[in-house]
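Participant: Structure: final38.txt, compact mmCIF, C-alpha atoms.
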```txt
# COMPACT_ATOMS: atom_id res chain seq x y z
CA MET A 1 -160.67 272.01 -90.37
CA ALA A 2 -160.24 274.40 -87.48
CA GLY A 3 -160.06 271.38 -85.16
CA PHE A 4 -156.61 270.46 -86.48
CA THR A 5 -154.36 271.87 -83.79
CA PHE A 6 -152.52 270.92 -80.61
CA PRO A 7 -154.44 270.86 -77.33
CA ARG A 8 -152.21 272.66 -74.84
CA GLY A 9 -151.02 276.26 -74.72
CA GLY A 10 -150.11 278.36 -77.75
CA ILE A 11 -150.62 282.01 -78.59
CA HIS A 12 -151.83 284.27 -81.41
CA PRO A 13 -149.16 286.92 -82.01
CA GLU A 14 -149.54 289.63 -84.64
CA GLU A 15 -148.58 288.01 -87.93
CA HIS A 16 -147.03 290.90 -89.92
CA LYS A 17 -147.05 288.56 -92.93
CA GLU A 18 -148.87 291.15 -95.02
CA ILE A 19 -145.51 292.84 -95.60
CA THR A 20 -144.23 290.08 -97.90
CA GLU A 21 -146.88 287.37 -98.40
CA HIS A 22 -148.01 288.84 -101.74
CA LEU A 23 -144.48 289.41 -103.06
CA ALA A 24 -143.38 286.83 -105.63
CA ILE A 25 -139.97 285.18 -105.20
CA GLU A 26 -137.31 287.41 -106.72
CA GLU A 27 -133.84 286.37 -107.85
CA MET A 28 -131.01 288.35 -106.30
CA PRO A 29 -127.97 288.69 -108.60
CA PRO A 30 -124.96 286.82 -107.22
CA PRO A 31 -122.70 289.05 -105.08
CA ALA A 32 -119.07 289.85 -105.83
CA GLN A 33 -118.03 287.74 -102.85
CA VAL A 34 -119.57 284.96 -100.76
CA VAL A 35 -118.69 283.87 -97.23
CA LEU A 36 -119.49 280.20 -96.60
CA PRO A 37 -119.33 279.21 -92.89
CA LEU A 38 -118.03 275.72 -92.14
CA SER A 39 -120.73 275.42 -89.45
CA MET A 40 -124.21 275.82 -90.92
CA HIS A 41 -125.68 272.48 -89.96
CA PHE A 42 -126.28 270.42 -86.82
CA GLY A 43 -123.15 268.42 -86.02
CA ALA A 44 -119.43 268.78 -86.56
CA PRO A 45 -118.02 271.65 -88.64
CA ALA A 46 -117.09 270.75 -92.20
CA LYS A 47 -113.42 270.57 -93.18
CA PRO A 48 -112.23 272.48 -96.25
CA VAL A 49 -111.12 270.47 -99.29
CA VAL A 50 -109.98 273.62 -101.14
CA LYS A 51 -107.06 275.98 -100.60
CA LYS A 52 -106.41 279.70 -100.90
CA LYS A 53 -106.21 280.93 -104.53
CA GLN A 54 -107.84 277.74 -105.82
CA GLU A 55 -110.38 278.14 -108.61
CA VAL A 56 -113.83 276.65 -107.95
CA GLN A 57 -116.94 276.21 -110.03
CA GLU A 58 -120.53 276.86 -108.94
CA GLY A 59 -121.74 273.68 -107.24
CA ASP A 60 -118.26 272.27 -106.48
CA VAL A 61 -117.69 270.56 -103.14
CA ILE A 62 -115.53 272.85 -100.98
CA ALA A 63 -115.90 271.26 -97.51
CA THR A 64 -116.96 267.86 -96.16
CA VAL A 65 -117.75 266.02 -92.93
CA GLU A 66 -116.37 262.50 -93.22
CA LYS A 67 -116.73 260.63 -89.92
CA ALA A 68 -119.17 262.73 -87.88
CA LEU A 69 -122.70 264.07 -88.16
CA GLY A 70 -122.74 266.92 -90.67
CA ALA A 71 -123.27 267.98 -94.27
CA THR A 72 -121.22 268.73 -97.37
CA ILE A 73 -120.79 272.39 -98.39
CA HIS A 74 -120.70 273.53 -102.02
CA SER A 75 -119.49 276.72 -103.65
CA SER A 76 -122.42 278.98 -104.51
CA VAL A 77 -120.46 280.86 -107.20
CA THR A 78 -117.71 280.32 -109.74
CA GLY A 79 -114.54 282.11 -108.69
CA VAL A 80 -111.35 281.94 -106.63
CA VAL A 81 -110.92 281.09 -102.94
CA LYS A 82 -109.68 284.31 -101.36
CA THR A 83 -109.11 283.02 -97.85
CA ILE A 84 -110.27 280.65 -95.12
CA GLU A 85 -110.65 282.58 -91.88
CA SER A 86 -112.92 283.36 -88.93
CA ARG A 87 -115.94 285.46 -89.92
CA PRO A 88 -119.18 286.62 -88.19
CA HIS A 89 -121.88 283.95 -87.85
CA PRO A 90 -125.63 284.47 -87.17
CA THR A 91 -125.78 282.24 -84.09
CA MET A 92 -122.18 281.33 -83.16
CA VAL A 93 -120.84 284.93 -83.15
CA LYS A 94 -117.88 283.78 -85.26
CA CYS A 95 -116.70 280.65 -87.03
CA ASP A 96 -114.27 279.63 -89.79
CA ALA A 97 -115.55 280.31 -93.29
CA ILE A 98 -114.41 279.92 -96.90
CA VAL A 99 -114.39 283.29 -98.68
CA ILE A 100 -114.75 283.16 -102.48
CA ASP A 101 -114.39 286.04 -104.93
CA ARG A 102 -116.85 285.52 -107.80
CA ASN A 103 -115.73 285.55 -111.42
CA PRO A 104 -118.14 288.09 -112.98
CA ASP A 105 -117.66 286.60 -116.47
CA ALA A 106 -118.62 283.05 -115.49
CA PRO A 107 -122.03 281.88 -116.79
CA PRO A 108 -124.50 280.30 -114.34
CA ARG A 109 -124.38 276.52 -114.10
CA GLU A 110 -127.14 274.64 -115.90
CA TYR A 111 -128.77 271.41 -114.76
CA GLN A 112 -130.62 268.70 -116.67
CA SER A 113 -133.60 266.90 -115.18
CA GLU A 114 -134.00 263.14 -114.97
CA ASP A 115 -136.76 260.74 -113.95
CA TRP A 116 -136.34 259.97 -110.25
CA ARG A 117 -138.75 257.03 -110.57
CA LYS A 118 -136.05 255.10 -112.43
CA ILE A 119 -133.52 255.67 -109.64
CA SER A 120 -133.19 253.30 -106.68
CA ARG A 121 -134.00 254.34 -103.11
CA GLU A 122 -130.32 254.01 -102.20
CA LYS A 123 -129.17 256.31 -105.01
CA LEU A 124 -131.86 258.87 -104.20
CA LEU A 125 -130.70 258.94 -100.59
CA ALA A 126 -127.09 259.28 -101.75
CA ALA A 127 -128.11 262.22 -103.95
CA VAL A 128 -129.66 263.94 -100.92
CA LYS A 129 -126.46 263.38 -98.92
CA ASN A 130 -124.16 264.51 -101.74
CA ALA A 131 -126.24 267.69 -102.18
CA GLY A 132 -125.51 268.72 -98.58
CA ILE A 133 -129.18 269.13 -97.68
CA VAL A 134 -130.09 269.95 -94.09
CA GLY A 135 -133.34 270.95 -92.39
CA LEU A 136 -134.00 274.43 -93.75
CA GLY A 137 -136.56 275.37 -91.11
CA GLY A 138 -133.79 276.40 -88.72
CA ALA A 139 -132.43 273.29 -86.97
CA GLY A 140 -130.09 272.26 -89.79
CA PHE A 141 -130.20 268.53 -89.06
CA PRO A 142 -128.67 266.57 -91.98
CA THR A 143 -131.57 265.36 -94.13
CA HIS A 144 -129.95 262.10 -95.27
CA VAL A 145 -129.69 261.07 -91.60
CA LYS A 146 -133.34 261.91 -90.90
CA LEU A 147 -134.35 259.87 -93.95
CA SER A 148 -132.46 256.85 -92.56
CA PRO A 149 -134.50 255.94 -89.46
CA PRO A 150 -133.42 252.90 -87.44
CA PRO A 151 -134.69 249.53 -88.73
CA THR A 152 -136.83 249.14 -85.61
CA ALA A 153 -138.82 252.30 -86.43
CA LYS A 154 -142.11 251.53 -88.17
CA ILE A 155 -142.59 254.64 -90.31
CA ASP A 156 -145.97 254.98 -92.02
CA THR A 157 -146.44 258.72 -92.50
CA LEU A 158 -144.46 261.60 -93.95
CA ILE A 159 -145.48 265.06 -92.77
CA LEU A 160 -144.47 268.17 -94.67
CA ASN A 161 -144.40 271.23 -92.44
CA GLY A 162 -146.12 274.08 -94.29
CA ALA A 163 -147.41 275.79 -91.16
CA GLU A 164 -144.83 278.62 -91.19
CA CYS A 165 -146.37 279.98 -88.01
CA GLU A 166 -143.56 282.45 -87.19
CA PRO A 167 -144.64 286.07 -87.69
CA TYR A 168 -143.17 287.92 -90.70
CA LEU A 169 -141.83 284.81 -92.47
CA THR A 170 -143.39 283.92 -95.85
CA THR A 171 -140.70 281.81 -97.53
CA ASP A 172 -142.57 278.49 -97.43
CA HIS A 173 -145.85 280.23 -98.32
CA ARG A 174 -144.37 281.56 -101.55
CA ILE A 175 -142.72 278.23 -102.40
CA MET A 176 -146.01 276.36 -101.93
CA LEU A 177 -147.84 278.96 -104.00
CA GLU A 178 -145.32 279.31 -106.83
CA HIS A 179 -143.88 275.77 -106.99
CA PRO A 180 -146.61 273.42 -105.73
CA GLU A 181 -145.80 270.73 -108.30
CA LYS A 182 -142.15 270.62 -107.15
CA VAL A 183 -143.27 270.31 -103.52
CA ILE A 184 -145.57 267.40 -104.41
CA GLU A 185 -142.87 265.75 -106.51
CA GLY A 186 -140.31 266.25 -103.74
CA ALA A 187 -142.71 264.64 -101.26
CA LYS A 188 -143.00 261.59 -103.50
CA VAL A 189 -139.22 261.32 -103.77
CA ILE A 190 -139.02 261.27 -99.97
CA LEU A 191 -141.82 258.68 -99.82
CA LYS A 192 -139.82 256.43 -102.14
CA ILE A 193 -136.67 256.87 -100.06
CA LEU A 194 -138.61 255.95 -96.91
CA GLY A 195 -140.43 253.07 -98.63
CA ILE A 196 -143.91 254.29 -97.59
CA LYS A 197 -146.99 255.53 -99.45
CA ASN A 198 -148.68 258.30 -97.44
CA ALA A 199 -147.77 261.95 -96.92
CA VAL A 200 -149.74 264.86 -95.52
CA ILE A 201 -148.87 268.54 -95.92
CA GLY A 202 -150.01 270.64 -92.95
CA VAL A 203 -150.72 274.28 -93.85
CA GLU A 204 -152.26 276.94 -91.61
CA LEU A 205 -155.58 278.29 -92.83
CA ASN A 206 -154.19 281.79 -93.29
CA LYS A 207 -152.52 280.47 -96.45
CA ALA A 208 -155.66 279.45 -98.35
CA ASP A 209 -154.09 280.21 -101.72
CA ALA A 210 -151.21 277.83 -100.99
CA ILE A 211 -153.64 275.12 -99.86
CA ASN A 212 -155.56 275.47 -103.13
CA ALA A 213 -152.36 275.39 -105.21
CA LEU A 214 -151.09 272.26 -103.45
CA ASN A 215 -154.46 270.51 -103.72
CA LYS A 216 -154.53 271.17 -107.45
CA ALA A 217 -150.97 269.92 -107.95
CA ALA A 218 -151.61 266.83 -105.81
CA LYS A 219 -154.76 266.01 -107.79
CA GLU A 220 -152.95 266.37 -111.12
CA ALA A 221 -150.16 264.05 -109.93
CA SER A 222 -152.42 261.50 -108.24
CA GLY A 223 -152.74 259.07 -111.14
CA SER A 224 -149.02 258.68 -111.84
CA ASP A 225 -148.26 256.23 -109.00
CA ASP A 226 -149.71 254.60 -105.86
CA MET A 227 -148.46 257.32 -103.51
CA ASN A 228 -150.93 259.56 -101.69
CA VAL A 229 -150.10 263.18 -100.85
CA ALA A 230 -152.90 264.91 -98.93
CA VAL A 231 -153.14 268.58 -97.95
CA GLN A 232 -154.63 269.48 -94.57
CA GLY A 233 -155.54 272.96 -93.37
CA MET A 234 -154.81 273.67 -89.71
CA GLU A 235 -155.92 276.22 -87.16
CA VAL A 236 -153.82 279.38 -87.06
CA LYS A 237 -152.02 279.15 -83.73
CA TYR A 238 -148.39 279.54 -82.77
CA PRO A 239 -146.31 277.27 -82.52
CA GLN A 240 -148.31 275.11 -84.92
CA GLY A 241 -145.15 274.41 -86.94
CA SER A 242 -143.21 272.93 -84.03
CA GLU A 243 -142.50 269.28 -84.76
CA LYS A 244 -144.31 267.66 -81.82
CA GLN A 245 -147.28 270.04 -82.04
CA LEU A 246 -147.55 269.52 -85.80
CA ILE A 247 -147.51 265.74 -85.45
CA TYR A 248 -150.30 265.83 -82.88
CA SER A 249 -152.34 268.28 -84.94
CA LEU A 250 -152.29 266.01 -88.00
CA THR A 251 -152.17 262.50 -86.52
CA GLN A 252 -153.20 262.81 -82.84
CA ARG A 253 -150.01 260.93 -82.01
CA ALA A 254 -148.05 262.26 -79.03
CA VAL A 255 -144.26 262.07 -79.23
CA PRO A 256 -143.03 260.99 -75.76
CA GLY A 257 -140.77 263.24 -73.70
CA GLY A 258 -137.22 262.86 -74.95
CA GLY A 259 -138.54 260.93 -77.95
CA LEU A 260 -138.30 261.55 -81.68
CA PRO A 261 -140.97 261.58 -84.42
CA PHE A 262 -139.99 258.13 -85.68
CA ASP A 263 -141.02 256.78 -82.27
CA VAL A 264 -144.62 257.36 -83.38
CA GLY A 265 -144.10 256.31 -87.01
CA VAL A 266 -143.62 259.77 -88.50
CA ILE A 267 -140.91 261.65 -90.39
CA VAL A 268 -141.27 265.46 -90.67
CA GLN A 269 -139.72 267.61 -93.37
CA ASN A 270 -139.85 271.35 -93.99
CA ILE A 271 -141.30 272.71 -97.27
CA SER A 272 -138.02 274.39 -98.27
CA THR A 273 -136.15 271.18 -97.49
CA THR A 274 -138.57 269.24 -99.70
CA LEU A 275 -137.88 271.64 -102.58
CA ALA A 276 -134.15 271.10 -102.05
CA VAL A 277 -134.69 267.31 -102.18
CA PHE A 278 -136.56 267.75 -105.48
CA GLU A 279 -133.70 269.81 -106.94
CA ALA A 280 -131.06 267.34 -105.70
CA THR A 281 -132.74 264.19 -107.03
CA VAL A 282 -134.48 265.48 -110.16
CA MET A 283 -132.02 268.21 -111.21
CA ASN A 284 -128.84 266.84 -109.56
CA LYS A 285 -128.40 270.31 -108.03
CA PRO A 286 -126.62 270.73 -104.68
CA LEU A 287 -127.97 273.03 -101.97
CA TYR A 288 -126.18 276.35 -102.41
CA GLU A 289 -129.03 278.80 -102.87
CA LYS A 290 -132.36 279.21 -101.13
CA VAL A 291 -135.43 281.42 -100.73
CA VAL A 292 -135.25 283.79 -97.76
CA THR A 293 -137.76 286.35 -96.44
CA PHE A 294 -136.28 289.79 -95.81
CA SER A 295 -138.88 291.79 -93.92
CA GLY A 296 -139.54 294.37 -91.24
CA ARG A 297 -140.66 297.97 -91.50
CA ALA A 298 -137.11 299.32 -91.25
CA LEU A 299 -136.26 297.76 -94.63
CA ASN A 300 -136.95 300.00 -97.62
CA LYS A 301 -137.91 297.13 -99.94
CA PRO A 302 -139.04 293.91 -98.17
CA ALA A 303 -138.82 290.82 -100.37
CA ASN A 304 -138.79 287.07 -100.73
CA LEU A 305 -135.42 286.54 -102.37
CA ARG A 306 -133.69 283.53 -103.85
CA VAL A 307 -130.11 284.17 -102.76
CA LYS A 308 -126.79 282.39 -102.93
CA VAL A 309 -125.78 280.81 -99.63
CA GLY A 310 -122.89 282.90 -98.35
CA THR A 311 -124.33 286.23 -99.48
CA VAL A 312 -123.47 288.81 -96.82
CA LEU A 313 -126.41 290.78 -95.39
CA SER A 314 -124.85 294.13 -96.26
CA ASP A 315 -125.08 293.15 -99.94
CA VAL A 316 -128.72 292.16 -99.49
CA VAL A 317 -129.55 295.45 -97.78
CA ASP A 318 -127.87 297.40 -100.57
CA PHE A 319 -129.89 295.44 -103.15
CA LEU A 320 -133.11 296.20 -101.25
CA GLY A 321 -132.50 299.93 -100.98
CA GLY A 322 -131.12 300.23 -97.45
CA THR A 323 -132.89 300.75 -94.12
CA ARG A 324 -134.46 303.55 -92.07
CA ASP A 325 -135.07 303.84 -88.31
CA LEU A 326 -133.35 300.46 -87.85
CA LEU A 327 -133.30 299.33 -84.22
CA LYS A 328 -132.81 295.55 -84.36
CA ILE A 329 -131.71 292.87 -86.85
CA VAL A 330 -133.03 289.34 -86.25
CA SER A 331 -131.93 286.15 -87.98
CA GLY A 332 -135.08 284.03 -88.25
CA GLY A 333 -138.49 285.01 -86.89
CA PRO A 334 -139.21 287.29 -83.93
CA MET A 335 -140.24 284.37 -81.70
CA MET A 336 -137.32 281.98 -82.13
CA GLY A 337 -134.74 284.04 -84.00
CA PHE A 338 -131.44 285.52 -82.82
CA ALA A 339 -130.58 289.21 -82.68
CA MET A 340 -127.48 290.22 -84.63
CA SER A 341 -125.18 293.19 -84.17
CA THR A 342 -123.68 293.42 -87.67
CA LEU A 343 -124.54 293.23 -91.36
CA ASP A 344 -121.32 291.31 -92.03
CA VAL A 345 -123.18 288.04 -91.34
CA PRO A 346 -123.79 285.73 -94.33
CA VAL A 347 -126.94 283.90 -95.32
CA THR A 348 -126.50 280.24 -94.33
CA LYS A 349 -128.37 277.08 -95.28
CA THR A 350 -130.62 277.48 -92.23
CA THR A 351 -131.48 281.17 -92.72
CA SER A 352 -135.28 281.24 -93.17
CA GLY A 353 -135.61 284.98 -92.82
CA VAL A 354 -133.90 288.16 -91.69
CA LEU A 355 -135.91 290.93 -90.03
CA PHE A 356 -135.04 294.61 -89.93
CA LEU A 357 -137.18 296.05 -87.16
CA ASN A 358 -137.82 299.70 -86.36
CA SER A 359 -138.57 301.35 -83.02
CA LYS A 360 -142.31 300.67 -83.31
CA GLU A 361 -141.76 296.95 -83.84
CA THR A 362 -139.30 296.52 -80.98
CA ASP A 363 -139.95 296.68 -77.24
CA SER A 364 -136.72 297.65 -75.50
CA ASP A 365 -138.17 298.17 -72.00
CA LEU A 366 -136.37 296.47 -69.12
CA HIS A 367 -137.91 293.37 -67.56
CA GLY A 368 -139.13 293.18 -63.97
CA PRO A 369 -139.45 290.48 -61.30
CA CYS A 370 -141.84 287.55 -61.69
CA ILE A 371 -145.32 288.39 -60.36
CA HIS A 372 -146.41 284.72 -60.33
CA CYS A 373 -149.41 285.32 -62.60
CA GLY A 374 -149.04 281.88 -64.23
CA TRP A 375 -149.62 283.17 -67.76
CA CYS A 376 -146.38 281.57 -68.99
CA MET A 377 -147.55 278.17 -67.76
CA GLU A 378 -150.88 278.54 -69.54
CA ALA A 379 -149.17 279.55 -72.81
CA CYS A 380 -146.48 276.85 -72.79
CA PRO A 381 -147.37 274.19 -75.40
CA MET A 382 -145.26 271.64 -73.49
CA GLY A 383 -146.93 272.26 -70.11
CA LEU A 384 -143.71 273.39 -68.44
CA SER A 385 -143.03 275.95 -65.67
CA PRO A 386 -141.02 278.73 -67.34
CA LYS A 387 -141.35 281.07 -64.37
CA GLU A 388 -139.65 278.60 -62.05
CA VAL A 389 -136.75 278.18 -64.48
CA GLY A 390 -136.29 281.96 -64.62
CA ILE A 391 -136.39 282.34 -60.85
CA PHE A 392 -133.83 279.58 -60.34
CA VAL A 393 -131.48 281.01 -62.99
CA GLU A 394 -131.60 284.46 -61.40
CA ALA A 395 -130.76 282.86 -58.05
CA GLY A 396 -127.72 281.14 -59.54
CA ARG A 397 -129.37 277.71 -59.37
CA GLY A 398 -130.06 277.09 -63.03
CA HIS A 399 -128.40 273.67 -62.77
CA LEU A 400 -131.34 272.52 -60.63
CA THR A 401 -134.07 273.22 -63.20
CA GLU A 402 -134.19 269.84 -64.91
CA ARG A 403 -137.08 268.98 -62.56
CA PHE A 404 -139.15 271.62 -64.37
CA GLY A 405 -138.66 269.90 -67.73
CA VAL A 406 -136.30 272.50 -69.15
CA PHE A 407 -134.90 270.05 -71.71
CA ASP A 408 -138.39 269.59 -73.16
CA CYS A 409 -138.42 273.35 -73.84
CA PHE A 410 -137.88 274.04 -77.55
CA GLU A 411 -137.60 277.80 -76.95
CA CYS A 412 -140.72 278.82 -78.88
CA GLY A 413 -141.06 282.06 -76.91
CA CYS A 414 -144.75 281.75 -75.99
CA CYS A 415 -143.90 282.32 -72.32
CA ALA A 416 -141.92 285.50 -72.95
CA TYR A 417 -144.61 286.81 -75.30
CA VAL A 418 -147.37 286.69 -72.68
CA CYS A 419 -145.26 287.73 -69.65
CA PRO A 420 -146.55 291.05 -68.28
CA ALA A 421 -143.18 291.62 -66.58
CA LYS A 422 -141.40 291.24 -69.96
CA ARG A 423 -139.07 288.62 -68.51
CA PRO A 424 -136.58 287.00 -70.96
CA LEU A 425 -137.81 283.51 -70.20
CA VAL A 426 -136.34 281.92 -73.35
CA GLN A 427 -132.89 283.23 -72.49
CA PHE A 428 -133.32 281.92 -68.93
CA ALA A 429 -134.13 278.46 -70.35
CA ARG A 430 -131.06 278.54 -72.58
CA LEU A 431 -128.85 279.51 -69.65
CA ALA A 432 -130.37 276.76 -67.51
CA LYS A 433 -129.56 274.12 -70.14
CA ILE A 434 -125.97 275.35 -70.35
CA GLN A 435 -125.60 275.30 -66.56
CA ILE A 436 -127.07 271.80 -66.26
CA LYS A 437 -124.61 270.48 -68.86
CA LYS A 438 -121.70 272.18 -67.07
CA HIS A 439 -122.72 270.45 -63.85
CA GLY A 440 -122.82 267.08 -65.59
```
Render the structure in this file as structure tokens.
Facilitator:
Amino acid sequence: MAGFTFPRGGIHPEEHKEITEHLAIEEMPPPAQVVLPLSMHFGAPAKPVVKKKQEVQEGDVIATVEKALGATIHSSVTGVVKTIESRPHPTMVKCDAIVIDRNPDAPPREYQSEDWRKISREKLLAAVKNAGIVGLGGAGFPTHVKLSPPPTAKIDTLILNGAECEPYLTTDHRIMLEHPEKVIEGAKVILKILGIKNAVIGVELNKADAINALNKAAKEASGSDDMNVAVQGMEVKYPQGSEKQLIYSLTQRAVPGGGLPFDVGVIVQNISTTLAVFEATVMNKPLYEKVVTFSGRALNKPANLRVKVGTVLSDVVDFLGGTRDLLKIVSGGPMMGFAMSTLDVPVTKTTSGVLFLNSKETDSDLHGPCIHCGWCMEACPMGLSPKEVGIFVEAGRGHLTERFGVFDCFECGCCAYVCPAKRPLVQFARLAKIQIKKHG
């Protein structure tokens, strides 16, 4: 099974998963207040359908996107809308958000299950849309759109991304281990929506317990229909979970430059997203809570928590006993995440993890000039020239870097990780993309 990987580049960073990989998912009590950003998906911001002082119930629709690409937002608590105003955001610095004060006497909402096999493909897809589900691995692309490929696309395979190759993060690992039957069932719901029969779940070999749990659940569910859900172990190598690398690892199909997975007959979904699809179609439950890894050696009590979307990080830190020697806060993993300057940021739909790093986990040394060693080119899984992009950006010529394939860069951070000069090559790539767009 070690042969299942992508052929070019990649690295083997320290995993740091031992901090939380053995910690069962824990339920965090709902906070006194939630802050729900109107931008927590790919596409246009949602527009509020509630007003200040309005009472809302847990699971109620509070914001929608009608004519553009986006996703519905639901209240994660029962309470009263306090205000709609600009609040801190993990990646946008600030954006408008709906602030709701929770009613402490309100009971949690209960959901009844139903048999998804008796529901049509169209109604299952509508349930996914109405639940406001987006890609929970970080991109936040609306799931109902991804599950509606163009008629010309000949989809034959569904891939579930269980690689979770980012250091520290263990959210998907715990979901696969604790809820394998829901993951398998969610995969079959997606297969029915797509009208195909075959799915494969790719899991790195450092999660052997999750592979065993999924295999057992898949075997137990194999006789109930004509759908096939296989589990495939993959070599431990970052960025194994990147969409194009994952597709090649499992199918040996290469997505063309500028292309999408459906161009090679594949649809990819994240494990957490698949669980959300299960809850939306089987339980009729919208997406307003999720499992998030809170890790790092500056956090007194690391955990895998199921939290309400909109929970502010300061409330999470208080629940987990505070921090010590805290030097950096990162939304997401250390390779592709974003540093944050405040604990006033809420958990959003796309928050996979939050890291609280101490001085030993953080390198704050200044970067130097490029020494032309070529290590970044060897590590790049897309075969790009990160060093050239950086040099051009520093020279004020970032708008001329398209020739180096900068738009094929998905900012995995392999180049920056191996750079002996500690150059911020990912940030250079981001700046280059911005400058190219400004120059038309």
Participant: Give me, as JSON lines, the closest atom pair and its distance (Å, one decimal) for every residue of segment 78-168 of chain A within a cut-off of 12 Å of segment 303-326 of chain A, counting only C-alpha atoms, rows sorted by chain and rising number.
Facilitator:
```
{"residue": "A:Thr78", "atom": "CA", "partner": "A:Lys308", "partner_atom": "CA", "distance": 11.5}
{"residue": "A:Arg87", "atom": "CA", "partner": "A:Val312", "partner_atom": "CA", "distance": 10.7}
{"residue": "A:Pro88", "atom": "CA", "partner": "A:Val312", "partner_atom": "CA", "distance": 9.9}
{"residue": "A:His89", "atom": "CA", "partner": "A:Val312", "partner_atom": "CA", "distance": 10.3}
{"residue": "A:Pro90", "atom": "CA", "partner": "A:Leu313", "partner_atom": "CA", "distance": 10.4}
{"residue": "A:Ala97", "atom": "CA", "partner": "A:Gly310", "partner_atom": "CA", "distance": 9.3}
{"residue": "A:Ile98", "atom": "CA", "partner": "A:Gly310", "partner_atom": "CA", "distance": 9.1}
{"residue": "A:Val99", "atom": "CA", "partner": "A:Gly310", "partner_atom": "CA", "distance": 8.5}
{"residue": "A:Ile100", "atom": "CA", "partner": "A:Gly310", "partner_atom": "CA", "distance": 9.1}
{"residue": "A:Asp101", "atom": "CA", "partner": "A:Gly310", "partner_atom": "CA", "distance": 11.2}
{"residue": "A:Arg102", "atom": "CA", "partner": "A:Thr311", "partner_atom": "CA", "distance": 11.2}
{"residue": "A:Pro108", "atom": "CA", "partner": "A:Lys308", "partner_atom": "CA", "distance": 11.8}
{"residue": "A:Leu136", "atom": "CA", "partner": "A:Val309", "partner_atom": "CA", "distance": 12.0}
{"residue": "A:Tyr168", "atom": "CA", "partner": "A:Asn304", "partner_atom": "CA", "distance": 11.0}
```
Participant: Please produce a file of the residues just selected, as a PDB file, keeping the file's coordinate frame, where the atoms kept are C-alpha atoms.
Facilitator:
```pdb
ATOM      1  CA  THR A  78    -117.710 280.320-109.740  1.00  0.00           C
ATOM      2  CA  ARG A  87    -115.940 285.460 -89.920  1.00  0.00           C
ATOM      3  CA  PRO A  88    -119.180 286.620 -88.190  1.00  0.00           C
ATOM      4  CA  HIS A  89    -121.880 283.950 -87.850  1.00  0.00           C
ATOM      5  CA  PRO A  90    -125.630 284.470 -87.170  1.00  0.00           C
ATOM      6  CA  ALA A  97    -115.550 280.310 -93.290  1.00  0.00           C
ATOM      7  CA  ILE A  98    -114.410 279.920 -96.900  1.00  0.00           C
ATOM      8  CA  VAL A  99    -114.390 283.290 -98.680  1.00  0.00           C
ATOM      9  CA  ILE A 100    -114.750 283.160-102.480  1.00  0.00           C
ATOM     10  CA  ASP A 101    -114.390 286.040-104.930  1.00  0.00           C
ATOM     11  CA  ARG A 102    -116.850 285.520-107.800  1.00  0.00           C
ATOM     12  CA  PRO A 108    -124.500 280.300-114.340  1.00  0.00           C
ATOM     13  CA  LEU A 136    -134.000 274.430 -93.750  1.00  0.00           C
ATOM     14  CA  TYR A 168    -143.170 287.920 -90.700  1.00  0.00           C
TER      15      TYR A 168
END
```
Participant: Atom CA of Thr274 of chain A and atom CA of Leu38 of chain A are how many Å apart?
Facilitator: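 About the pair atom CA of Thr274 of chain A and atom CA of Leu38 of chain A: they are 22.8 Å apart.
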Participant: Suppose you want the space between atom CA of Glu388 of chain A and atom CA of Glu411 of chain A; what is it in Å?
Facilitator: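 Separation of atom CA of Glu388 of chain A and atom CA of Glu411 of chain A: 15.1 Å.
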Participant: My list of candidates is A:Val264, A:Leu246, A:Val277, A:Met336. Which is closest to Ala153 of chain A when distances are computed with all atoms listed in the file?
Facilitator: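 Closest residue, counting all atoms listed in the file: A:Val264.
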Participant: To one decimal place in Å, what is the distance between atom CA of Leu299 of chain A and atom CA of Gly413 of chain A?
Facilitator: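 Atom CA of Gly413 of chain A lies at a distance of 24.2 Å from atom CA of Leu299 of chain A.
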Participant: Using all atoms listed in the file, which residues sit within 12 Å of Phe338 of chain A once same-chain residues fewer than 2 positions away are excluded, as a PyMOL selection string?
Facilitator: chain A and resi 89-93+138+328-336+340-341+351-355+411+413+426-427
Participant: Select, from A:Asp115, A:Tyr417, A:His179, A:Arg423, the residue with the minimum atom-to-atom distance to His372 of chain A, counting all atoms listed in the file.
Facilitator: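 Nearest candidate to His372 of chain A out of A:Asp115, A:Tyr417, A:His179, A:Arg423: A:Arg423.
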Participant: Nearest residue to Asn270 of chain A out of A:Val231, A:Met28, A:Val189, A:Val134, using all atoms listed in the file?
Facilitator: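 Selected residue with least distance to Asn270 of chain A: A:Val134.
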Participant: Could you check the closest approach to Glu361 of chain A for each of A:Lys301, A:Arg430, A:His16, A:His144 and tell me which residue wins, using all atoms listed in the file?
Facilitator: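 Selected residue with least distance to Glu361 of chain A: A:His16.
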Participant: Taking 6 positions as the minimum chain separation for residues in the same chain, which residues sit within 8 Å of Asp408 of chain A when counting only C-alpha atoms? Answer as an NGL selection string.
Facilitator: :A and (257-258 or 382)
Participant: Counting only C-alpha atoms, which residue out of A:Cys409, A:Ile184, A:Met40, A:Leu343 sits closest to Ile133 of chain A?
Facilitator: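 Among the listed residues, A:Met40 lies closest to Ile133 of chain A.
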Participant: Fewer than 5 positions away in the same chain doesn't count, so skip those; otherwise give me all residues within 8 Å of Lys244 of chain A, counting all atoms listed in the file, as a list in words.
Facilitator: Ala254, Val255 and Pro261 of chain A
Participant: Convert the current residue selection to file output with C-alpha atoms, as a PDB file, keeping the file's coordinate frame.
Facilitator:
```pdb
ATOM      1  CA  ALA A 254    -148.050 262.260 -79.030  1.00  0.00           C
ATOM      2  CA  VAL A 255    -144.260 262.070 -79.230  1.00  0.00           C
ATOM      3  CA  PRO A 261    -140.970 261.580 -84.420  1.00  0.00           C
TER       4      PRO A 261
END
```
